[in-house]
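**Student:** Data file run18.cif (mmCIF, C-alpha atoms) is appended below.
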data_target
#
loop_
_atom_site.label_atom_id
_atom_site.label_comp_id
_atom_site.auth_asym_id
_atom_site.auth_seq_id
_atom_site.Cartn_x
_atom_site.Cartn_y
_atom_site.Cartn_z
CA MET J 1 5.46 42.65 60.59
CA SER J 2 7.05 39.31 59.72
CA ALA J 3 7.33 38.19 56.10
CA LYS J 4 4.86 35.60 54.85
CA THR J 5 6.30 32.12 54.29
CA LEU J 6 5.41 30.38 51.05
CA ASN J 7 5.89 26.63 50.86
CA VAL J 8 7.00 25.79 47.32
CA GLY J 9 6.64 22.57 45.37
CA VAL J 10 8.60 22.00 42.15
CA ILE J 11 7.53 19.26 39.75
CA SER J 12 10.32 17.86 37.54
CA LEU J 13 13.89 18.83 38.35
CA GLY J 14 15.51 18.98 34.95
CA TRP J 15 17.34 22.12 33.86
CA MET J 16 14.25 24.30 34.10
CA GLY J 17 13.05 22.87 37.40
CA ARG J 18 16.44 23.61 38.94
CA LEU J 19 16.32 27.11 37.48
CA HIS J 20 12.91 27.71 39.06
CA THR J 21 14.42 26.52 42.34
CA ARG J 22 17.34 28.98 42.10
CA SER J 23 14.95 31.76 41.13
CA TYR J 24 12.81 31.28 44.23
CA LYS J 25 15.97 31.40 46.36
CA GLN J 26 16.90 34.81 44.94
CA LEU J 27 13.69 36.58 45.92
CA GLN J 28 14.59 37.59 49.46
CA GLU J 29 17.82 39.23 48.30
CA ARG J 30 16.80 40.65 44.92
CA PHE J 31 13.20 41.65 45.71
CA PRO J 32 13.05 42.38 49.45
CA GLU J 33 9.93 44.52 49.04
CA VAL J 34 7.96 41.40 48.07
CA ASP J 35 8.34 40.53 51.78
CA VAL J 36 8.27 36.77 51.51
CA LYS J 37 10.26 33.88 52.87
CA ILE J 38 10.53 30.93 50.53
CA ASN J 39 10.56 27.41 51.93
CA LEU J 40 11.50 24.74 49.39
CA ALA J 41 9.07 22.19 50.75
CA VAL J 42 8.66 19.36 48.24
CA ALA J 43 10.36 18.38 44.98
CA CYS J 44 8.94 15.79 42.62
CA ASP J 45 10.92 13.78 40.08
CA PRO J 46 10.72 10.16 38.89
CA ILE J 47 14.51 9.68 39.02
CA GLU J 48 15.83 8.54 42.40
CA GLU J 49 19.20 10.29 42.08
CA THR J 50 17.46 13.57 41.23
CA ARG J 51 15.33 13.26 44.34
CA ARG J 52 18.51 12.81 46.39
CA VAL J 53 20.00 15.93 44.80
CA ALA J 54 16.79 17.85 45.56
CA VAL J 55 17.20 17.27 49.29
CA ASP J 56 20.96 17.05 49.75
CA GLU J 57 22.06 19.77 47.34
CA LEU J 58 19.12 21.99 46.43
CA GLY J 59 17.68 22.23 49.93
CA PHE J 60 14.17 20.82 49.64
CA ASP J 61 12.63 19.43 52.81
CA ARG J 62 11.68 16.22 51.02
CA ALA J 63 11.30 14.69 47.56
CA VAL J 64 8.65 12.42 46.08
CA SER J 65 8.23 10.50 42.82
CA ASP J 66 4.52 11.20 42.21
CA TYR J 67 3.27 14.75 41.60
CA ARG J 68 -0.09 13.77 43.09
CA GLU J 69 1.56 13.34 46.47
CA LEU J 70 3.03 16.83 46.20
CA LEU J 71 -0.30 18.40 45.21
CA ALA J 72 -2.13 16.57 48.01
CA ASP J 73 0.09 18.21 50.63
CA PRO J 74 -2.09 20.93 52.25
CA ALA J 75 1.02 22.88 53.29
CA ILE J 76 2.08 23.57 49.69
CA ASP J 77 1.21 27.15 48.72
CA VAL J 78 2.54 27.42 45.15
CA VAL J 79 3.74 24.96 42.51
CA SER J 80 6.19 25.10 39.62
CA ILE J 81 5.40 22.79 36.70
CA CYS J 82 8.59 22.11 34.75
CA SER J 83 7.74 18.74 33.20
CA PRO J 84 7.82 17.89 29.46
CA ASN J 85 5.06 19.41 27.31
CA PHE J 86 2.89 16.29 27.14
CA LEU J 87 2.45 16.29 30.94
CA HIS J 88 1.52 19.97 31.28
CA ARG J 89 -2.23 19.58 30.87
CA GLU J 90 -2.52 16.65 33.24
CA ILE J 91 -0.44 18.26 35.99
CA ALA J 92 -1.86 21.78 35.57
CA LEU J 93 -5.45 20.56 35.81
CA ALA J 94 -4.54 18.54 38.91
CA ALA J 95 -2.95 21.65 40.44
CA ILE J 96 -6.12 23.62 39.70
CA GLU J 97 -8.24 20.90 41.26
CA ALA J 98 -6.00 21.09 44.35
CA GLY J 99 -6.35 24.89 44.46
CA LYS J 100 -2.62 25.53 43.98
CA PRO J 101 -1.41 28.65 42.12
CA PHE J 102 1.15 27.48 39.56
CA TRP J 103 4.07 28.72 37.48
CA ILE J 104 4.30 26.63 34.30
CA GLU J 105 6.73 26.53 31.41
CA LYS J 106 5.70 27.08 27.81
CA PRO J 107 4.30 25.75 25.56
CA MET J 108 1.43 25.19 27.95
CA GLY J 109 0.46 21.76 26.62
CA VAL J 110 0.81 20.25 23.16
CA SER J 111 -2.01 22.21 21.50
CA ALA J 112 -4.09 25.35 21.76
CA ALA J 113 -6.98 23.20 22.97
CA GLU J 114 -4.92 22.01 25.96
CA SER J 115 -3.72 25.55 26.67
CA ARG J 116 -7.29 26.81 26.55
CA GLU J 117 -8.46 24.10 28.93
CA ILE J 118 -5.74 25.02 31.44
CA ALA J 119 -6.32 28.77 31.17
CA GLU J 120 -10.10 28.59 31.44
CA ALA J 121 -9.99 26.18 34.37
CA ALA J 122 -7.50 28.39 36.23
CA GLU J 123 -9.59 31.49 35.56
CA LYS J 124 -12.77 29.76 36.72
CA ALA J 125 -11.02 28.67 39.91
CA GLY J 126 -9.74 32.21 40.50
CA LEU J 127 -6.12 31.04 40.61
CA ILE J 128 -3.04 33.14 39.98
CA THR J 129 -0.80 31.64 37.32
CA GLY J 130 2.60 32.28 35.78
CA VAL J 131 3.97 31.22 32.38
CA GLY J 132 7.65 31.10 31.44
CA PHE J 133 7.87 33.94 28.94
CA ASN J 134 11.14 35.06 30.48
CA TYR J 135 12.44 37.18 27.58
CA ARG J 136 9.83 39.88 28.14
CA HIS J 137 11.42 40.51 31.57
CA THR J 138 14.76 41.61 30.08
CA PRO J 139 15.44 45.23 31.16
CA ALA J 140 16.22 46.18 27.54
CA ILE J 141 12.86 44.76 26.38
CA GLU J 142 11.06 46.63 29.17
CA LYS J 143 12.83 49.84 28.09
CA LEU J 144 11.87 49.20 24.47
CA ARG J 145 8.26 48.78 25.52
CA GLU J 146 8.45 52.14 27.33
CA LEU J 147 9.80 53.83 24.19
CA ILE J 148 6.97 52.36 22.10
CA ASN J 149 4.27 53.30 24.63
CA GLU J 150 5.63 56.85 24.92
CA GLY J 151 5.44 57.27 21.13
CA ARG J 152 9.19 57.84 20.81
CA LEU J 153 9.35 55.66 17.68
CA GLY J 154 6.26 57.29 16.17
CA ARG J 155 3.47 55.15 14.76
CA ILE J 156 4.65 51.55 14.69
CA THR J 157 4.60 50.20 11.14
CA ASN J 158 6.26 46.79 11.25
CA VAL J 159 8.02 44.37 13.57
CA ARG J 160 10.45 41.52 12.96
CA ALA J 161 11.36 38.66 15.26
CA TRP J 162 13.59 35.69 14.64
CA LEU J 163 14.74 32.97 16.99
CA LEU J 164 17.61 30.97 15.55
CA ALA J 165 19.20 28.28 17.70
CA ASP J 166 21.56 25.36 17.21
CA TYR J 167 20.43 23.04 20.00
CA ALA J 168 19.19 20.49 17.43
CA SER J 169 21.73 21.17 14.67
CA GLN J 170 23.69 17.93 15.17
CA PRO J 171 22.20 15.19 12.96
CA ASP J 172 23.37 12.58 15.48
CA GLY J 173 21.52 14.28 18.32
CA PRO J 174 19.08 11.94 20.12
CA LEU J 175 15.48 11.41 19.05
CA THR J 176 13.96 12.73 22.28
CA TRP J 177 10.31 13.43 23.07
CA ARG J 178 10.79 16.90 21.54
CA TYR J 179 10.63 15.37 18.04
CA ASN J 180 7.49 13.32 18.71
CA ARG J 181 4.28 15.07 17.61
CA GLU J 182 2.12 13.32 20.21
CA LEU J 183 4.46 14.21 23.09
CA ALA J 184 5.66 17.66 22.00
CA GLY J 185 3.03 18.86 19.57
CA ALA J 186 4.65 21.15 17.02
CA GLY J 187 8.44 21.43 16.95
CA VAL J 188 10.20 24.77 16.78
CA VAL J 189 6.81 26.52 16.42
CA GLY J 190 5.87 25.68 20.00
CA ASP J 191 9.36 25.61 21.44
CA LEU J 192 10.84 28.89 20.20
CA MET J 193 8.19 30.70 18.18
CA SER J 194 5.85 30.87 21.18
CA HIS J 195 8.48 33.20 22.71
CA GLY J 196 8.55 35.26 19.51
CA ALA J 197 4.77 35.55 19.48
CA ASP J 198 4.71 36.64 23.11
CA LEU J 199 7.45 39.24 22.59
CA ILE J 200 5.63 40.80 19.63
CA GLN J 201 2.32 40.84 21.50
CA TYR J 202 3.98 42.28 24.61
CA LEU J 203 5.74 45.03 22.67
CA VAL J 204 3.39 45.97 19.83
CA GLY J 205 -0.03 44.29 19.73
CA ARG J 206 -1.99 41.07 19.32
CA ILE J 207 -1.22 38.89 16.31
CA ASP J 208 -4.45 38.61 14.31
CA THR J 209 -3.73 36.65 11.09
CA VAL J 210 -0.79 34.57 9.84
CA THR J 211 0.47 32.73 6.80
CA ALA J 212 3.39 30.35 7.21
CA LEU J 213 5.59 27.56 5.90
CA THR J 214 7.70 25.00 7.74
CA ASP J 215 10.30 22.38 6.92
CA THR J 216 12.14 19.53 8.60
CA PHE J 217 15.81 19.58 7.63
CA ILE J 218 16.96 16.57 9.71
CA PRO J 219 14.25 13.95 9.05
CA GLU J 220 15.78 11.12 11.14
CA ARG J 221 17.70 10.93 14.41
CA PRO J 222 19.32 8.19 16.52
CA ILE J 223 17.07 6.44 19.02
CA PRO J 224 18.28 7.00 22.62
CA THR J 225 19.54 4.20 24.83
CA LYS J 226 19.94 6.40 27.92
CA ALA J 227 17.95 9.48 28.91
CA GLY J 228 19.63 12.75 29.80
CA VAL J 229 18.53 15.99 31.42
CA GLY J 230 17.18 18.64 29.08
CA HIS J 231 19.32 18.73 25.93
CA SER J 232 22.39 16.99 27.41
CA GLY J 233 23.53 13.66 28.87
CA TRP J 234 21.76 11.41 26.36
CA GLU J 235 23.27 8.24 24.86
CA VAL J 236 22.12 6.90 21.49
CA SER J 237 22.07 3.73 19.38
CA ASP J 238 22.82 3.27 15.68
CA GLU J 239 19.12 2.84 14.93
CA LEU J 240 17.34 5.88 13.44
CA GLY J 241 13.74 7.01 13.95
CA PRO J 242 11.63 9.65 12.19
CA VAL J 243 11.41 13.30 13.29
CA GLU J 244 7.69 14.07 13.32
CA ASN J 245 7.63 17.86 13.70
CA GLU J 246 9.28 20.87 12.09
CA ASP J 247 12.82 22.22 12.44
CA TYR J 248 12.09 25.58 10.78
CA VAL J 249 9.23 28.05 10.38
CA ALA J 250 8.74 31.33 8.52
CA ILE J 251 5.67 33.50 9.14
CA LEU J 252 4.03 36.65 7.80
CA ALA J 253 1.62 38.22 10.27
CA ARG J 254 -0.84 41.07 10.56
CA LEU J 255 -1.48 42.50 14.03
CA ASP J 256 -4.89 43.70 15.18
CA ASN J 257 -3.65 47.32 15.03
CA GLY J 258 -2.53 47.00 11.40
CA VAL J 259 1.17 46.50 12.14
CA VAL J 260 2.92 44.04 9.81
CA GLY J 261 5.05 41.28 11.34
CA THR J 262 7.64 38.85 10.00
CA LEU J 263 8.80 35.95 12.18
CA GLU J 264 11.28 33.14 11.71
CA ALA J 265 12.59 30.34 13.91
CA SER J 266 15.00 27.43 13.55
CA ARG J 267 16.32 24.84 15.98
CA VAL J 268 18.95 23.55 13.54
CA ALA J 269 20.80 26.75 12.56
CA VAL J 270 24.57 26.41 12.29
CA GLY J 271 26.22 29.64 13.42
CA PRO J 272 23.68 31.34 15.68
CA ARG J 273 23.71 29.83 19.17
CA ALA J 274 20.67 31.60 20.61
CA GLU J 275 20.08 34.54 18.28
CA TYR J 276 16.68 35.66 19.48
CA MET J 277 16.06 39.08 17.97
CA VAL J 278 13.27 41.65 17.85
CA GLU J 279 13.23 44.75 15.65
CA VAL J 280 10.48 47.36 15.92
CA TYR J 281 10.09 50.03 13.23
CA GLY J 282 8.08 53.26 13.46
CA THR J 283 7.58 56.47 11.54
CA ASN J 284 10.10 58.30 13.76
CA GLY J 285 12.64 55.61 14.52
CA SER J 286 13.35 52.00 15.30
CA ALA J 287 15.01 49.79 17.88
CA ARG J 288 16.35 46.28 18.00
CA TRP J 289 17.42 43.73 20.62
CA ASN J 290 19.36 40.47 20.46
CA PHE J 291 19.29 37.98 23.32
CA GLU J 292 22.91 37.06 22.61
CA ASP J 293 23.68 40.66 23.72
CA LEU J 294 20.73 40.88 26.08
CA ASN J 295 22.04 43.90 28.00
CA ASP J 296 22.17 46.09 24.88
CA LEU J 297 19.46 47.96 23.00
CA GLU J 298 20.15 49.53 19.62
CA ILE J 299 18.09 52.67 19.11
CA CYS J 300 17.60 55.18 16.30
CA ILE J 301 15.16 58.02 17.01
CA GLY J 302 14.54 60.77 14.46
CA ARG J 303 15.12 60.90 10.71
CA ASN J 304 17.33 63.97 10.42
CA ASN J 305 20.22 63.21 12.74
CA GLU J 306 23.67 64.34 11.64
CA PHE J 307 24.96 60.81 12.05
CA GLN J 308 21.99 58.69 11.11
CA GLY J 309 21.96 55.13 12.40
CA TYR J 310 21.78 53.05 15.52
CA THR J 311 23.18 54.03 18.89
CA ARG J 312 24.13 51.13 21.14
CA VAL J 313 22.64 51.76 24.57
CA MET J 314 23.91 49.57 27.39
CA ALA J 315 21.38 48.66 30.06
CA GLY J 316 22.16 50.23 33.40
CA PRO J 317 20.69 50.81 36.85
CA ALA J 318 19.44 54.36 36.27
CA ASN J 319 16.59 53.86 33.83
CA PHE J 320 16.30 50.19 32.85
CA PRO J 321 13.66 48.33 34.90
CA ASN J 322 15.05 45.85 37.47
CA PHE J 323 18.66 46.11 36.29
CA ALA J 324 19.87 47.64 39.57
CA ARG J 325 18.63 44.59 41.47
CA PHE J 326 21.35 42.51 39.83
CA GLN J 327 24.25 44.75 38.77
CA PRO J 328 25.69 48.08 39.98
CA GLY J 329 26.50 49.65 36.62
CA ALA J 330 26.22 49.43 32.85
CA GLY J 331 28.67 47.03 31.27
CA THR J 332 28.34 44.45 34.03
CA SER J 333 25.94 42.00 32.48
CA MET J 334 22.77 40.34 33.63
CA GLY J 335 22.13 36.80 32.41
CA PHE J 336 19.39 34.33 31.56
CA ASP J 337 18.95 33.13 35.15
CA ASP J 338 18.31 36.70 36.28
CA LEU J 339 15.34 36.96 33.92
CA LYS J 340 13.79 33.92 35.60
CA ALA J 341 14.33 35.56 39.00
CA VAL J 342 12.31 38.56 37.78
CA GLU J 343 9.67 36.13 36.57
CA ALA J 344 9.61 34.35 39.94
CA ALA J 345 9.14 37.71 41.68
CA LYS J 346 6.21 38.62 39.43
CA PHE J 347 4.58 35.26 40.08
CA VAL J 348 5.04 35.37 43.85
CA GLN J 349 3.94 39.00 44.06
CA SER J 350 0.85 38.07 42.05
CA VAL J 351 0.06 35.32 44.55
CA LEU J 352 0.56 37.61 47.54
CA THR J 353 -1.49 40.52 46.18
CA GLY J 354 -4.11 38.62 44.18
CA GLU J 355 -3.31 40.80 41.14
CA GLN J 356 -2.17 39.02 37.97
CA LEU J 357 1.25 40.59 37.31
CA ALA J 358 3.14 37.59 35.91
CA PRO J 359 2.50 36.34 32.38
CA SER J 360 -0.73 34.43 32.83
CA ALA J 361 -2.12 31.14 31.62
CA ALA J 362 -4.21 33.25 29.25
CA ASP J 363 -0.98 34.69 27.82
CA GLY J 364 0.20 31.12 27.31
CA TRP J 365 -3.10 30.26 25.63
CA SER J 366 -2.81 33.34 23.37
CA ALA J 367 0.66 32.32 22.17
CA ALA J 368 -0.61 28.78 21.62
CA GLU J 369 -3.40 30.12 19.39
CA VAL J 370 -0.76 31.87 17.28
CA ASP J 371 1.14 28.58 17.05
CA GLU J 372 -2.05 26.72 16.12
CA ALA J 373 -2.90 29.22 13.37
CA VAL J 374 0.63 28.80 11.99
CA VAL J 375 0.19 25.01 11.86
CA ARG J 376 -3.20 25.43 10.12
CA SER J 377 -1.68 27.82 7.59
CA VAL J 378 1.07 25.35 6.74
CA GLU J 379 -1.60 22.72 6.05
CA SER J 380 -3.99 25.01 4.13
CA GLY J 381 -1.51 27.23 2.32
CA GLN J 382 -3.76 30.17 3.25
CA TRP J 383 -3.89 33.08 5.66
CA GLU J 384 -5.37 31.88 8.93
CA LYS J 385 -7.15 33.83 11.68
CA VAL J 386 -5.64 33.66 15.17
CA ALA J 387 -8.38 32.96 17.70
CA ALA J 388 -8.66 35.62 20.39
CA VAL J 389 -8.71 34.45 24.00
CA ASN J 390 -11.17 35.50 26.68
CA GLY J 391 -8.95 35.16 29.74
CA THR J 392 -6.90 37.68 31.71
CA THR J 393 -3.88 38.46 29.56
CA THR J 394 -1.02 40.68 30.72
CA PHE J 395 0.78 41.38 27.45
CA ASP J 396 -1.59 44.28 26.80
CA LEU J 397 -1.63 45.78 30.32
CA GLY J 398 -0.38 49.36 30.41
CA ARG J 399 -0.26 49.74 26.62
CA LYS J 400 -1.33 53.18 25.40
#
The structure given in the file should be rewritten as structure tokens.
**Tutor:**
Amino acid sequence: MSAKTLNVGVISLGWMGRLHTRSYKQLQERFPEVDVKINLAVACDPIEETRRVAVDELGFDRAVSDYRELLADPAIDVVSICSPNFLHREIALAAIEAGKPFWIEKPMGVSAAESREIAEAAEKAGLITGVGFNYRHTPAIEKLRELINEGRLGRITNVRAWLLADYASQPDGPLTWRYNRELAGAGVVGDLMSHGADLIQYLVGRIDTVTALTDTFIPERPIPTKAGVGHSGWEVSDELGPVENEDYVAILARLDNGVVGTLEASRVAVGPRAEYMVEVYGTNGSARWNFEDLNDLEICIGRNNEFQGYTRVMAGPANFPNFARFQPGAGTSMGFDDLKAVEAAKFVQSVLTGEQLAPSAADGWSAAEVDEAVVRSVESGQWEKVAAVNGTTTFDLGRK
């Protein structure tokens, strides 16, 4: 039986759009059981040089400047939406109208209302979706989830997550759309903390109530004179403009199962480069993971060990999900791009089987509701309830 061919369209070929492209290319080698042949059919980007790169270097059949032309192509089977946040709602709703399953980056819009609109429309249309919560696909995170579900850590009491990055730590960094509240929505809350919220919900349980504070440590930035790609390639003037959203957030949370959570995120930290950490504590042990050492899991199980403390466990092919697809043995590291390849496989397999295996638009909506409750708490100074979502979420599938 010959493999099914999927014609792929990718909208916006910045860093993430190119990563989606590479991830699709890896499927036939890394996930042969998915039994699919990927055809990079159409790329969409407003920049002429990027469209040339899409065809001449990335291997797309053709490139267009208007996403509507891509979505109108009846041959396109699936779509990746990698545009800036403020375009997510518009493009996702157009993809739904065109009947195209889509893989979209987070945050899924600039507000919980936009995320809800996307998720409910996709659910009503019966479409498979995927959302870019790539950190949950790390083999060490999957192993940690197994330990929690098997009760190896005992009853879970509290969880910590912090996401400290330096991508915005330079005061002379350009005032891009990311710092504009209308175009980006919240700042680090939507950009990084949405990942933290998803990791906690994937590992432990749904976040139910939050209280939070935020601050903006770099209140002005230089206005750009030339656009770049992602976080790089920008040129700036001497004129400064205001930063309209937050650089930092600290959160206390209560999960729906009684677990206590503490979360923190910064985009202007000096020192950490991408220190995205999760610690889970239980009555019989704890475990912690750091993205900067993404192939390691630190584990302590039992309270009466002769040498009490953490054991560093290196991910390997024997018992860490999906590791063997990328590396032959422990100590040879997987990387960020590999996590997106796992995500691509889950999305494509979901499309082929009709079963929602990838993080769904409802998962994206759920994280957005956490973000929205955080923003409300900052304004009110009170504990705020996180609205539950009524779509098909995957963070709770398989949890005991």
**Student:** Write out as a list of chain:residue names the residues lying within 8 Å of region 288-295 of chain J, counting only C-alpha atoms and excluding same-chain residues fewer than 3 positions away.
**Tutor:**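 Once the nearby chain positions are removed, what remains is J:Thr138, J:Pro139, J:Ala140, J:Ile141, J:Ala274, J:Glu275, J:Tyr276, J:Met277, J:Val278, J:Glu279, J:Val280, J:Glu298, J:Ile299, J:Met314, J:Ala315, J:Ser333, J:Met334, J:Gly335.
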**Student:** Using all atoms listed in the file, which protein or nucleic acid residues come within 8 Å of Ala358 (chain J)? Drop anything in the same chain fewer than 4 positions from it, and give the result as number ranges by chain.
**Tutor:** J: 129-131, 343, 346-347, 350, 394
**Student:** Between J:Lys100, J:Lys385, J:Arg89, J:Lys340, which one has atoms that come closest to Asn7 (chain J), using all atoms listed in the file?
**Tutor:**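 Closest to Asn7 (chain J) of all the choices is J:Lys100.
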**Student:** Considering only C-alpha atoms, return as a PyMOL selection string whatever protein or nucleic-acid residues lie within 12 Å of Leu352 (chain J), sequence-local ones (same chain, fewer than 6 positions apart) excluded.
**Tutor:** chain J and resi 3-6+33-37+77-78+101+127-129+345-346+358
**Student:** From the set J:Val249, J:Arg273, J:Ile207, J:Pro84, which residue has the shortest atom-to-atom contact distance to Leu183 (chain J), counting all atoms listed in the file?
**Tutor:**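 Result for the nearest residue to Leu183 (chain J): J:Pro84.
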**Student:** For CA of Asn39 (chain J) and CA of Tyr24 (chain J), quote the distance in Å rounded to one decimal.
**Tutor:**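 CA of Tyr24 (chain J) lies at a distance of 8.9 Å from CA of Asn39 (chain J).
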**Student:** Determine, counting only C-alpha atoms, which protein, DNA and RNA residues have an atom within 10 Å of an atom of Ala122 (chain J); residues of the same chain fewer than 2 positions away are not included. Present the result as a list in words.
**Tutor:**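 Everything that qualifies: Ala92, Leu93, Ala95, Ile96, Glu97, Gly99, Lys100, Pro101, Phe102, Arg116, Glu117, Ile118, Ala119, Glu120, Lys124, Ala125, Gly126, Leu127, Ile128, Thr129, Ser360, Ala361, Ala362 and Gly391 of chain J.
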**Student:** Which residue out of J:Ile218, J:Leu13, J:Met193, J:Val204 has the minimum interatomic distance to Leu397 (chain J) when all atoms listed in the file are used?
**Tutor:**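 Result for the nearest residue to Leu397 (chain J): J:Val204.
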**Student:** Using only C-alpha atoms, which protein or nucleic acid residues come within 10 Å of Val64 (chain J)? Drop anything in the same chain fewer than 5 positions from it, and give the result as a list in words.
**Tutor:**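 Using only C-alpha atoms, the neighbours found are Ile11, Val42, Ala43, Cys44, Asp45, Pro46, Ile47, Glu48, Arg51, Arg52, Ala54, Glu69 and Leu70 of chain J.
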**Student:** Point out the residue among J:Pro242, J:Gly354, J:Gly302, J:Gly205 with the least atom-to-atom distance to Phe395 (chain J), counting only C-alpha atoms.
**Tutor:**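 When distances to Phe395 (chain J) are compared using only C-alpha atoms, the smallest one comes from J:Gly205.
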**Student:** Starting from the displayed file, determine the output of the PyMOL selection byres ((chain J and resi 134) around 7) and express the residue list as an mmCIF file with C-alpha atoms, in the coordinates of the input.
**Tutor:**
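This went into result36.cif:
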data_model
loop_
_atom_site.group_PDB
_atom_site.id
_atom_site.type_symbol
_atom_site.label_atom_id
_atom_site.label_comp_id
_atom_site.auth_asym_id
_atom_site.auth_seq_id
_atom_site.Cartn_x
_atom_site.Cartn_y
_atom_site.Cartn_z
ATOM 1 C CA GLY J 132 7.650 31.100 31.440
ATOM 2 C CA PHE J 133 7.870 33.940 28.940
ATOM 3 C CA TYR J 135 12.440 37.180 27.580
ATOM 4 C CA ARG J 136 9.830 39.880 28.140
ATOM 5 C CA HIS J 137 11.420 40.510 31.570
ATOM 6 C CA LEU J 339 15.340 36.960 33.920
ATOM 7 C CA LYS J 340 13.790 33.920 35.600
ATOM 8 C CA GLU J 343 9.670 36.130 36.570
#
**Student:** Please compute the CA of Ala368 (chain J)-CA of Ile200 (chain J) distance, one decimal, in Å.
**Tutor:**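 Calculated distance between CA of Ala368 (chain J) and CA of Ile200 (chain J) is 13.7 Å.
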**Student:** Of the candidates J:Leu87, J:Val8, J:Ile104, J:Ala186, which one gets nearest to Ala75 (chain J) if we count all atoms listed in the file?
**Tutor:** J:Val8
**Student:** Taking into account only C-alpha atoms, which residue in the set J:Glu105, J:Phe86, J:Arg22, J:Leu175 is nearest to Trp234 (chain J)?
**Tutor:**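 Using only C-alpha atoms, the shortest distance to Trp234 (chain J) belongs to J:Leu175.
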**Student:** Show me the residues close to (10.6, 53.0, 15.5) - anything with an atom within 8 Å, counting only C-alpha atoms - and format the list as a PDB file with C-alpha atoms, in the frame of the given file.
**Tutor:**
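Wrote it out as part_9.pdb, contents follow:
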ATOM      1  CA  ILE J 148       6.970  52.360  22.100  1.00  0.00           C
ATOM      2  CA  ARG J 152       9.190  57.840  20.810  1.00  0.00           C
ATOM      3  CA  LEU J 153       9.350  55.660  17.680  1.00  0.00           C
ATOM      4  CA  GLY J 154       6.260  57.290  16.170  1.00  0.00           C
ATOM      5  CA  ARG J 155       3.470  55.150  14.760  1.00  0.00           C
ATOM      6  CA  ILE J 156       4.650  51.550  14.690  1.00  0.00           C
ATOM      7  CA  THR J 157       4.600  50.200  11.140  1.00  0.00           C
ATOM      8  CA  VAL J 280      10.480  47.360  15.920  1.00  0.00           C
ATOM      9  CA  TYR J 281      10.090  50.030  13.230  1.00  0.00           C
ATOM     10  CA  GLY J 282       8.080  53.260  13.460  1.00  0.00           C
ATOM     11  CA  THR J 283       7.580  56.470  11.540  1.00  0.00           C
ATOM     12  CA  ASN J 284      10.100  58.300  13.760  1.00  0.00           C
ATOM     13  CA  GLY J 285      12.640  55.610  14.520  1.00  0.00           C
ATOM     14  CA  SER J 286      13.350  52.000  15.300  1.00  0.00           C
ATOM     15  CA  ALA J 287      15.010  49.790  17.880  1.00  0.00           C
ATOM     16  CA  CYS J 300      17.600  55.180  16.300  1.00  0.00           C
ATOM     17  CA  ILE J 301      15.160  58.020  17.010  1.00  0.00           C
TER      18      ILE J 301
END
**Student:** Complete region 14-25 of chain J at the level of N, CA and C atoms, written as a PDB file, in the frame of the given file.
**Tutor:**
ATOM      1  N   GLY J  14      14.537  18.858  36.020  1.00  0.00           N
ATOM      2  CA  GLY J  14      15.510  18.980  34.950  1.00  0.00           C
ATOM      3  C   GLY J  14      16.142  20.358  35.008  1.00  0.00           C
ATOM      4  N   TRP J  15      16.712  20.795  33.888  1.00  0.00           N
ATOM      5  CA  TRP J  15      17.340  22.120  33.860  1.00  0.00           C
ATOM      6  C   TRP J  15      16.384  23.221  34.313  1.00  0.00           C
ATOM      7  N   MET J  16      15.169  23.214  33.779  1.00  0.00           N
ATOM      8  CA  MET J  16      14.250  24.300  34.100  1.00  0.00           C
ATOM      9  C   MET J  16      13.734  24.204  35.522  1.00  0.00           C
ATOM     10  N   GLY J  17      13.491  23.008  36.019  1.00  0.00           N
ATOM     11  CA  GLY J  17      13.050  22.870  37.400  1.00  0.00           C
ATOM     12  C   GLY J  17      14.107  23.377  38.376  1.00  0.00           C
ATOM     13  N   ARG J  18      15.367  23.117  38.077  1.00  0.00           N
ATOM     14  CA  ARG J  18      16.440  23.610  38.940  1.00  0.00           C
ATOM     15  C   ARG J  18      16.577  25.127  38.826  1.00  0.00           C
ATOM     16  N   LEU J  19      16.293  25.656  37.643  1.00  0.00           N
ATOM     17  CA  LEU J  19      16.320  27.110  37.480  1.00  0.00           C
ATOM     18  C   LEU J  19      15.182  27.764  38.249  1.00  0.00           C
ATOM     19  N   HIS J  20      13.993  27.185  38.227  1.00  0.00           N
ATOM     20  CA  HIS J  20      12.910  27.710  39.060  1.00  0.00           C
ATOM     21  C   HIS J  20      13.338  27.714  40.528  1.00  0.00           C
ATOM     22  N   THR J  21      13.979  26.632  40.952  1.00  0.00           N
ATOM     23  CA  THR J  21      14.420  26.520  42.340  1.00  0.00           C
ATOM     24  C   THR J  21      15.381  27.649  42.695  1.00  0.00           C
ATOM     25  N   ARG J  22      16.394  27.894  41.851  1.00  0.00           N
ATOM     26  CA  ARG J  22      17.340  28.980  42.100  1.00  0.00           C
ATOM     27  C   ARG J  22      16.649  30.335  42.102  1.00  0.00           C
ATOM     28  N   SER J  23      15.654  30.480  41.227  1.00  0.00           N
ATOM     29  CA  SER J  23      14.950  31.760  41.130  1.00  0.00           C
ATOM     30  C   SER J  23      14.174  32.069  42.408  1.00  0.00           C
ATOM     31  N   TYR J  24      13.500  31.069  42.965  1.00  0.00           N
ATOM     32  CA  TYR J  24      12.810  31.280  44.230  1.00  0.00           C
ATOM     33  C   TYR J  24      13.801  31.704  45.325  1.00  0.00           C
ATOM     34  N   LYS J  25      14.986  31.091  45.323  1.00  0.00           N
ATOM     35  CA  LYS J  25      15.970  31.400  46.360  1.00  0.00           C
ATOM     36  C   LYS J  25      16.456  32.840  46.287  1.00  0.00           C
TER      37      LYS J  25
END
